[in-house]
Amino acid sequence: MVRKANKGLSKLVAIAGMVSLLIIGLVVGYYINAITQQKSNTNYPQEFGEDIAWRTSSITLSGSTTVLPIANACAVAFMNKHPGITITVQGGGSGVGYSNVIDGVVDLGMASREPKTSEIDGAKSKGVDLWLHPIALDAVCVVVHPSVANSSYPLSLTLQEVGKIFAGIYKYWDEVKPGLPHKEIVVVVREPGSGTRGTFEEYTMHPWKYNVTARASVQPSNPAVKNKVETTPYSIGYIGFSFISEKMHVVALAKEAGKPHVYPTVNSIAKGEYPISRYMYLVTNGQPKSGSLADRFIDFVRSKEGQQIVEANGFLKLPYVYPTS
Amino acid sequence: MAEVDIRKLNVWFKDNHVLKDLTLTIEENAVTAIMGPSGCGKSTLLRAINRMNETIDGCRTTGEIYIDGQNIYNGNTDVYELRRRVGMVFQKPNPLPKSIFENVAFGVKIHKLADGKKLNEIVERSLKEAVLWDEVKDRLHESAFSLSGGQQQRLCIARALAVNPEIILLDEPCSALDPIATQKIETLMRKLAEKYTVIIVTHNVQQAARVSDYVAFLYLGKLIEYGPTKQVFESPKHELTERYITGEFG
Amino acid sequence: MMRSRSWEKVFFTILGAPAAICLTVFFWITSVLLTGIGTIRLNLLTTSALQGGLFEMIVGTAYLLLGAAGVAGPVGVFAAIHLTEYARHGRLIRVIDQAINNLAGMPSILIGLFGYAFFCRQLGLGISLASGWLTLALMMLPIVIRGTEEAIKMVPYNFKEAALALGASKWETVKSVTVPSAAPGIITSILLGMARVAGETAAILFTSCVLVTRGLPKSPFEPVMALAFNLFVKIVALGESPDKVFGIALILFLLVISFASVGIALRIYYRRKQPWLR
Amino acid sequence: MSHNKCASPNFLKSFDKPVEKLMFLCALSSIVFLFLMLLFITREGMQALFTFGADFIIGPVWETNSNLYGALPLIYGSLMVVAVALAVAVPIGVATAMFVEEVLPFSIRDLVKSLIELLASIPSIIYGFIGVLFLAPQIASLFGLSSGTVALTASLVLAIMTIPTIVSVSGETIAAVPKEYKEAALALGATKWQTLKNVVVPTAKSGILASVMLGFGRAIGETVAVLMVAGNVAVIPTPPWNILSPVYTLTAAIAMQMGEAAVGTLEYSALFGLGLILFIITLVVNSLADIIAKKGIKGEKGL
């Protein structure tokens, strides 16, 4: 009986194993077939440049989540264009972007702010020369829920007033400006380390040594902040220019009291009139070798095609044509 | 105290026809033994009397059982009240994981028969009736598992007695016990018959002869012979009964 | 003294309500996700991520799963054999037992954190498939050990006796009697372990995944794209459009659920059909 | 069945010892890795612990920009979310376990149990996804909140995720209550409910308690789903029992900030410090569950 039972069972196992192997094999075969067909369909461009080494090389990017959509889309487009190359995009944040470049873990960092002094010092101590390559422009826009202000009752603030709101010095809206509702201000911010947050605080908080109120709601991304402000009455937050929607009111900002209040527009940002604007950067250790993949990728992002991707992802293209060296 | 009248009882477990057309009348205030080889349906018959068969999945019963003239299988019988009236003791002692006192008091509390002082009295009376009181009176609040097997079985009897039953069912109550404990339980059974209708299932022919007033012999789900113990053992009517009694099979 | 049985029935119906809630939640989640089925086209499964498909993520997830099973399977089965067949009950075994329970209860984020500190940095594997395998294997290990132990304990002793009486050594007995008899249970436990880690995000968040790269990893030391990671980054960091994310979520859901249901069904089947228990 | 294999040459037997050693090593692996986890998480978290001392645990401010790391709001957030989740999940889970094991007919019991187990295998990111898309807006409109990503939402999502653990572990112990106990009570005329209340539950109570502890362990370690719906504000709510305010949990902080933290910075170390706190909490909870469960088995024999 022992033998019989055991035999029956191992037979079952064998059959089950074989069937599952067969299925796995079929699936994998089908997949590999599909993918190789895709590859052979793409024609390898028959241009012979001065240097073809880059055509088979690979680079890795990591850093700011703000730049991530641009890098992601550009990487995909560039890889589709040149079938031999590999561009790997990791996440992280601006801090990771810099530190990875400094540690030599990645070829290109992504950053939505300039390096902190600590990062510059760290780079120097390791003999790394940080090069910033602007690839897009973004403005950090201060937005409020329509319950605070709207197109018929617009709101304008100075940078310091904005700072006081985010530092929690103003607790109610009517403390900011008489006539606003007597309601508690709901402050929405990005997570620490975010480039958007870094830029925002550099202009509105750091000059007066303000710190973000502990009551602030922390959101992990621009869409999250957008969603939060859209749905939260009496809230204020800051987002990238491209994320502005009709369900929120954009605040006009002045550098200081007495200066004109400026709304963020393509024009005002490009001219540098809007006070909180920033560049998106790709970061390298030293100038990338001419003709290398890193160099060509940066050029691609700055090319007409790359800048179209930048715009499609909701950022502003660089205000003037960059010399492609 | 109560007469049990079984008419055309049939029990199935799924497709297995366990009891077939059983009809017999069990006398009150006597010990009736149900005997037969393993698998003949003894326990099923016993469990039909307090409708415990129903707790097993796939059980189906037809026929009637009258206790004091009332059919316990008709729709409006309160099965819980029935089980209070018909106490049961199992093959393996099954005290609950509680103290000795709580075990005996369990049924009383469930049926809200008494509380406080009266409850104490009932517990004491039941333990005395089960001839256990002297052995446990100083340790009523110890775990029931601290008792020996025989004591545990008497505790289970006391537990059944505490709720004022009329009939006591014992399902091979001694099969897990040593000879001395068995003897104590057998003596107890004789004593219980003065007050209760006692029905015992046993596959031990000698035990049936020792303790019972009446004996029923079951074979393959059928009642082969039923009558006063003396008569069945001295002059069995059926050849199968004789062979079983003499130990030819079993 | 009459206790109303209908009252009792009402009561048990009330008791059944929570169970009904559980099942409703399950079916609700399933139905919510299935509404997204319209958004996915079948060729999404076979097109490369560079063309907007999910191919590399699906295969990448499979790579992660198979590799993790390849590590956790043998280690877990060996450990279980040792614990059931060789170990004498002693303090060490109690400690091991405790450790397995604790490992089973460890939050996946901690396993991910450890994986990053140990596999990626200390062992220098970096963000790679190999780091992911080891990290996920750590999560699978307790499930495989427990499942295998259960399967081995179900093998009747007289099977082993039969072999031992014929002069087989202990290892031969284990190899030729115990393991084959327990094989269905062992395979089931590995499947259930794979189901546990298939949708795991926190453990691979820092250890093995990237948002985009070309094709599949060519060696275990390259990073990989995976469904769960992509879904996480796309929702949390990029806030991508729900349609696209819905597709990933649905496929991930179906993948995990199918693994789990096959595992659970097999386990029930073999628990019932242990022929020697009949 | 294995005659031919048994007749294998003797040299195979010499493999016995090395194989045995290998198996022993595998058995040890769980201890080794648990120890390594503690070692490495502590090592990386040391810097933060030394910098802040006790303030790392009782400090009320978690503010990355000013490099202040006091984990109290995160610990409180985690405990609060889990407490509410358990308050929902324990009654539902235990009732479900009782219903499944004691009331449901055997034929559909396995099916229902499997479905509940499937509920447990749904990836947490899917729970988070559904929580964000469907549950949070519902909560917001129900309580008139501006945003639905609050502690309560996280608790509900966690409750759903914890229920299967509670059901399966307490169900196991309920099923393990000896049939004799139930028969004893039923034969005395106890109703099904009385049997359940007076016999089954008291006997299984240690197992049920263990299931609650395990549920606690699972809930406090849950990351992705919580991160997506908890709102992530590193402040103890006012008043502290306000479950309609957003909270930040230990796990969410690790997952959100780990990507941002550059290796070697104080932030990086502080995140591992959080990991250490979480590690200790889960270790204690799981060990307690183990002890309770083992005590239960002993109790069945002794009392």
# chains A, B, ... in the order shown; residues from 1 in each chain; ligands from 1
>>> select_by_dssp(residues="stretch 112-193 of chain B", states="strand (DSSP E or B)", output="PDB file with C-alpha atoms, in the first residue's frame")
ATOM      1  CA  SER B 143      -8.845  21.747  37.519  1.00  0.00           C
ATOM      2  CA  ILE B 167     -32.851   9.331  31.709  1.00  0.00           C
ATOM      3  CA  ILE B 168     -29.089   8.711  31.789  1.00  0.00           C
ATOM      4  CA  LEU B 169     -27.318   7.484  28.665  1.00  0.00           C
ATOM      5  CA  LEU B 170     -23.898   5.927  29.137  1.00  0.00           C
ATOM      6  CA  ASP B 171     -21.830   5.245  26.045  1.00  0.00           C
TER       7      ASP B 171
END
>>> residues_around(residues="C:Val210", least_positions_apart="6", cutoff="7 Å", atoms="only C-alpha atoms", output="list in words")
Thr88, Val89 and Gln90 of chain A; Pro223, Val224 and Met225 of chain C
>>> write_last_selection(atoms="all heavy atoms", output="compact mmCIF listing (two decimals), in the first residue's frame")
# COMPACT_ATOMS: atom_id res chain seq x y z
N THR A 88 19.28 53.63 -17.94
CA THR A 88 18.52 53.15 -16.80
C THR A 88 18.16 54.34 -15.92
O THR A 88 19.02 55.15 -15.58
CB THR A 88 19.37 52.15 -16.00
OG1 THR A 88 19.72 51.08 -16.87
CG2 THR A 88 18.61 51.62 -14.81
N VAL A 89 16.88 54.43 -15.57
CA VAL A 89 16.43 55.55 -14.74
C VAL A 89 15.94 55.04 -13.40
O VAL A 89 15.02 54.22 -13.34
CB VAL A 89 15.30 56.34 -15.44
CG1 VAL A 89 14.89 57.54 -14.59
CG2 VAL A 89 15.74 56.79 -16.82
N GLN A 90 16.60 55.48 -12.35
CA GLN A 90 16.16 55.15 -10.99
C GLN A 90 15.46 56.36 -10.40
O GLN A 90 15.56 57.46 -10.92
CB GLN A 90 17.35 54.79 -10.10
CG GLN A 90 18.14 53.60 -10.61
CD GLN A 90 19.40 53.38 -9.81
OE1 GLN A 90 19.68 54.10 -8.87
NE2 GLN A 90 20.14 52.36 -10.16
N PRO C 223 19.95 45.87 -12.56
CA PRO C 223 18.62 46.13 -12.00
C PRO C 223 17.53 45.66 -12.95
O PRO C 223 17.79 45.33 -14.10
CB PRO C 223 18.60 47.64 -11.82
CG PRO C 223 19.60 48.16 -12.78
CD PRO C 223 20.64 47.10 -12.94
N VAL C 224 16.30 45.65 -12.45
CA VAL C 224 15.20 45.07 -13.20
C VAL C 224 13.98 45.96 -13.06
O VAL C 224 13.90 46.77 -12.13
CB VAL C 224 14.94 43.63 -12.67
CG1 VAL C 224 14.42 43.68 -11.24
CG2 VAL C 224 14.00 42.88 -13.57
N MET C 225 13.05 45.84 -13.99
CA MET C 225 11.78 46.55 -13.86
C MET C 225 10.75 45.56 -13.33
O MET C 225 10.73 44.41 -13.75
CB MET C 225 11.32 47.08 -15.22
CG MET C 225 12.28 48.09 -15.83
SD MET C 225 11.98 48.36 -17.57
CE MET C 225 10.49 49.34 -17.50
>>> interface_residues(of="chain B", to="chain D", cutoff="7 Å", atoms="only C-alpha atoms", output="list in words")
Met52, Tyr80, Glu81, Arg83, Arg84, Gly87, Met88, Asn94, Leu96, Pro97, Lys98, Gly107, Ile110, Ser143, Phe145 and Ala160 of chain B
>>> write_last_selection(atoms="N, CA, C and O atoms", output="short mmCIF file (atom, residue, chain, number, x, y, z; two decimals), in the first residue's frame")
data_model
loop_
_atom_site.label_atom_id
_atom_site.label_comp_id
_atom_site.auth_asym_id
_atom_site.auth_seq_id
_atom_site.Cartn_x
_atom_site.Cartn_y
_atom_site.Cartn_z
N MET B 52 -28.42 13.65 19.73
CA MET B 52 -27.05 14.13 19.53
C MET B 52 -26.53 13.79 18.13
O MET B 52 -25.56 14.36 17.65
N TYR B 80 -32.98 21.32 23.27
CA TYR B 80 -32.08 21.61 24.39
C TYR B 80 -32.68 21.15 25.71
O TYR B 80 -31.99 20.62 26.57
N GLU B 81 -34.01 21.34 25.83
CA GLU B 81 -34.70 20.85 27.01
C GLU B 81 -34.66 19.32 27.03
O GLU B 81 -34.46 18.70 28.08
N ARG B 83 -32.31 17.45 25.88
CA ARG B 83 -30.99 16.99 26.30
C ARG B 83 -30.77 17.21 27.80
O ARG B 83 -29.93 16.56 28.40
N ARG B 84 -31.50 18.17 28.37
CA ARG B 84 -31.41 18.31 29.81
C ARG B 84 -32.08 17.11 30.47
O ARG B 84 -31.57 16.54 31.42
N GLY B 87 -29.68 12.87 30.14
CA GLY B 87 -28.25 13.11 30.37
C GLY B 87 -27.40 12.09 29.63
O GLY B 87 -27.88 11.00 29.31
N MET B 88 -26.16 12.47 29.34
CA MET B 88 -25.32 11.55 28.58
C MET B 88 -23.90 11.54 29.13
O MET B 88 -23.36 12.58 29.49
N ASN B 94 -14.92 13.25 29.48
CA ASN B 94 -14.68 14.53 28.80
C ASN B 94 -15.03 15.72 29.67
O ASN B 94 -15.91 16.50 29.36
N LEU B 96 -14.83 19.40 31.04
CA LEU B 96 -14.49 20.64 30.36
C LEU B 96 -13.24 21.23 31.02
O LEU B 96 -12.96 20.95 32.17
N PRO B 97 -12.51 22.06 30.29
CA PRO B 97 -11.28 22.64 30.86
C PRO B 97 -11.62 23.71 31.90
O PRO B 97 -11.29 24.87 31.73
N LYS B 98 -12.30 23.29 32.94
CA LYS B 98 -12.70 24.20 34.01
C LYS B 98 -12.47 23.49 35.34
O LYS B 98 -12.00 22.36 35.35
N GLY B 107 -24.06 22.83 33.48
CA GLY B 107 -25.40 22.62 32.93
C GLY B 107 -26.45 23.43 33.69
O GLY B 107 -27.38 23.98 33.10
N ILE B 110 -26.23 26.91 32.47
CA ILE B 110 -26.73 27.00 31.10
C ILE B 110 -28.26 27.07 31.10
O ILE B 110 -28.86 27.84 30.36
N SER B 143 -8.48 22.13 38.88
CA SER B 143 -8.85 21.75 37.52
C SER B 143 -9.41 20.33 37.49
O SER B 143 -8.95 19.44 38.23
N PHE B 145 -8.94 18.31 35.34
CA PHE B 145 -7.95 17.40 34.76
C PHE B 145 -7.02 16.83 35.83
O PHE B 145 -6.21 15.96 35.55
N ALA B 160 -23.96 15.35 34.59
CA ALA B 160 -25.23 15.02 33.94
C ALA B 160 -26.37 15.03 34.96
O ALA B 160 -27.48 15.44 34.65
#
>>> residues_around(residues="C:Ile248", least_positions_apart="6", cutoff="9 Å", atoms="only C-alpha atoms", output="number ranges by chain")
C: 40, 54, 227-228, 230-231
>>> closest_residue(among="C:Ala87, C:Leu141, C:Leu205, C:Ala182", to="D:Met23", atoms="only C-alpha atoms")
C:Ala87
>>> closest_atom_pairs(of="chain A", to="chain D", cutoff="7 Å", atoms="only C-alpha atoms", output="CSV")
residue,atom,partner,partner_atom,distance
A:Arg3,CA,D:Met1,CA,5.1
A:Gly92,CA,D:Gly259,CA,4.2
A:Gly93,CA,D:Glu260,CA,4.5
A:Gly95,CA,D:Glu260,CA,5.8
A:Val96,CA,D:Ala262,CA,5.0
A:Ser99,CA,D:Ala262,CA,5.9
A:Pro192,CA,D:Thr64,CA,5.9
A:Gly193,CA,D:Glu260,CA,5.9
A:Ala214,CA,D:Val235,CA,6.2
A:Arg215,CA,D:Val235,CA,6.3
A:Ala216,CA,D:Val233,CA,6.4
A:Ser217,CA,D:Val233,CA,4.9
A:Val218,CA,D:Val233,CA,5.6
A:Lys228,CA,D:Ser147,CA,6.6
A:Thr231,CA,D:Ser146,CA,5.8
A:Thr232,CA,D:Ser146,CA,4.2
A:Pro233,CA,D:Ser146,CA,6.2
>>> interface_residues(of="chain C", to="chain A", cutoff="6 Å", atoms="only C-alpha atoms", output="list in words")
Leu50, Val210, Leu211, Val212, Thr213, Arg214, Ala237 and Gly239 of chain C
>>> closest_atom_pairs(of="chain C", to="chain D", cutoff="6 Å", atoms="only C-alpha atoms", output="tab-separated table")
residue	atom	partner	partner_atom	distance
C:Leu15	CA	D:Ala95	CA	5.9
C:Gly16	CA	D:Phe99	CA	5.7
C:Pro18	CA	D:Ile92	CA	5.1
C:Ala19	CA	D:Thr96	CA	4.6
C:Phe26	CA	D:Leu119	CA	5.9
C:Val75	CA	D:Cys26	CA	5.3
C:Phe78	CA	D:Met23	CA	4.9
C:Ala79	CA	D:Ala27	CA	3.9
C:His82	CA	D:Met23	CA	5.6
C:Ala99	CA	D:Ile31	CA	5.4
C:Ile100	CA	D:Ser30	CA	5.8
C:Asn102	CA	D:Asn286	CA	6.0
C:Pro107	CA	D:Gly221	CA	4.3
C:Phe114	CA	D:Met37	CA	5.7
C:Ala168	CA	D:Cys6	CA	5.3
C:Trp171	CA	D:Asp16	CA	5.8
C:Gly199	CA	D:Pro123	CA	4.7
>>> interface_residues(of="chain B", to="chain C", cutoff="10 Å", atoms="only C-alpha atoms", output="compact mmCIF listing (two decimals) with all heavy atoms, in the first residue's frame")
# COMPACT_ATOMS: atom_id res chain seq x y z
N THR B 77 -40.42 19.92 19.36
CA THR B 77 -39.66 19.53 20.54
C THR B 77 -38.51 20.51 20.74
O THR B 77 -37.80 20.85 19.80
CB THR B 77 -39.08 18.12 20.36
OG1 THR B 77 -40.15 17.24 20.08
CG2 THR B 77 -38.34 17.67 21.60
N ASP B 78 -38.34 20.94 21.99
CA ASP B 78 -37.18 21.78 22.30
C ASP B 78 -35.99 20.85 22.56
O ASP B 78 -35.92 20.18 23.58
CB ASP B 78 -37.48 22.63 23.54
CG ASP B 78 -36.29 23.49 23.91
OD1 ASP B 78 -35.22 23.31 23.30
OD2 ASP B 78 -36.44 24.32 24.81
N VAL B 79 -35.09 20.81 21.61
CA VAL B 79 -34.03 19.81 21.67
C VAL B 79 -33.11 20.06 22.87
O VAL B 79 -32.56 19.13 23.45
CB VAL B 79 -33.25 19.77 20.33
CG1 VAL B 79 -32.53 21.07 20.09
CG2 VAL B 79 -32.29 18.61 20.30
N TYR B 80 -32.98 21.32 23.27
CA TYR B 80 -32.08 21.61 24.39
C TYR B 80 -32.68 21.15 25.71
O TYR B 80 -31.99 20.62 26.57
CB TYR B 80 -31.75 23.10 24.41
CG TYR B 80 -31.24 23.56 23.07
CD1 TYR B 80 -31.97 24.38 22.25
CD2 TYR B 80 -30.01 23.07 22.61
CE1 TYR B 80 -31.51 24.74 21.01
CE2 TYR B 80 -29.54 23.44 21.36
CZ TYR B 80 -30.30 24.28 20.56
OH TYR B 80 -29.83 24.62 19.33
N GLU B 81 -34.01 21.34 25.83
CA GLU B 81 -34.70 20.85 27.01
C GLU B 81 -34.66 19.32 27.03
O GLU B 81 -34.46 18.70 28.08
CB GLU B 81 -36.15 21.38 27.00
CG GLU B 81 -37.04 20.88 28.09
CD GLU B 81 -36.58 21.27 29.49
OE1 GLU B 81 -35.65 22.09 29.59
OE2 GLU B 81 -37.12 20.74 30.46
N HIS B 111 -28.87 26.23 31.94
CA HIS B 111 -30.33 26.18 31.95
C HIS B 111 -30.93 27.12 32.97
O HIS B 111 -32.13 27.11 33.20
CB HIS B 111 -30.79 24.74 32.21
CG HIS B 111 -30.46 23.82 31.08
ND1 HIS B 111 -31.24 23.71 29.96
CD2 HIS B 111 -29.41 22.98 30.89
CE1 HIS B 111 -30.70 22.84 29.13
NE2 HIS B 111 -29.59 22.38 29.66
N LYS B 112 -30.08 27.91 33.60
CA LYS B 112 -30.52 28.88 34.61
C LYS B 112 -31.43 28.22 35.64
O LYS B 112 -32.50 28.73 35.96
CB LYS B 112 -31.24 30.05 33.93
CG LYS B 112 -30.38 30.80 32.95
CD LYS B 112 -30.98 32.16 32.63
CE LYS B 112 -30.10 32.93 31.67
NZ LYS B 112 -30.00 32.28 30.34
N LEU B 113 -31.02 27.06 36.14
CA LEU B 113 -31.85 26.33 37.09
C LEU B 113 -31.68 26.87 38.50
O LEU B 113 -32.59 26.80 39.31
CB LEU B 113 -31.49 24.83 37.07
CG LEU B 113 -31.77 24.11 35.74
CD1 LEU B 113 -31.33 22.67 35.82
CD2 LEU B 113 -33.25 24.19 35.39
>>> atom_distance(atom1="atom CA of C:Ile81", atom2="atom CA of C:Tyr63")
26.8 Å
>>> residues_around(residues="stretch 235-242 of chain A", least_positions_apart="4", cutoff="6 Å", atoms="only C-alpha atoms", output="list in words")
Ala139, Val140, Cys141, Val142, Val143, Val144, His145, Ile185, Val186, Val187, Val188, Val189, Asn222, Val229, Gly314 and Phe315 of chain A
>>> residues_around(residues="B:Glu242", least_positions_apart="2", cutoff="12 Å", atoms="only C-alpha atoms", output="list in words")
Gly36, Val205, Phe217, Ile224, Glu225, Gln231, Val232, Phe233, Glu234, Ser235, Pro236, Lys237, His238, Glu239, Leu240, Tyr244, Ile245, Thr246, Gly247, Glu248, Phe249 and Gly250 of chain B
>>> atom_distance(atom1="atom CA of D:Arg109", atom2="atom CA of C:Ile257")
19.4 Å
>>> residues_around(residues="B:Gly39", least_positions_apart="4", cutoff="9 Å", atoms="only C-alpha atoms", output="PyMOL selection string")
chain B and resi 18+43+219-221
>>> residues_around(residues="C:Leu191", least_positions_apart="4", cutoff="7 Å", atoms="only C-alpha atoms", output="MDAnalysis selection string")
chainID C and resid 187 195 259 263
>>> write_last_selection(atoms="C-alpha atoms", output="PDB file, in the first residue's frame")
ATOM      1  CA  ILE C 187       5.739  22.681  -3.955  1.00  0.00           C
ATOM      2  CA  ALA C 195       2.351  34.601  -3.896  1.00  0.00           C
ATOM      3  CA  PHE C 259      -0.501  32.247  -7.686  1.00  0.00           C
ATOM      4  CA  GLY C 263      -1.318  27.380  -3.943  1.00  0.00           C
TER       5      GLY C 263
END
>>> select_by_dssp(residues="stretch 103-182 of chain B", states="helix (DSSP H, G or I)", output="PyMOL selection string")
chain B and resi 103-110+116-129+133-136+144-146+149-161+179-182
>>> atom_distance(atom1="atom CA of D:Leu152", atom2="atom CA of D:Ala85")
8.2 Å
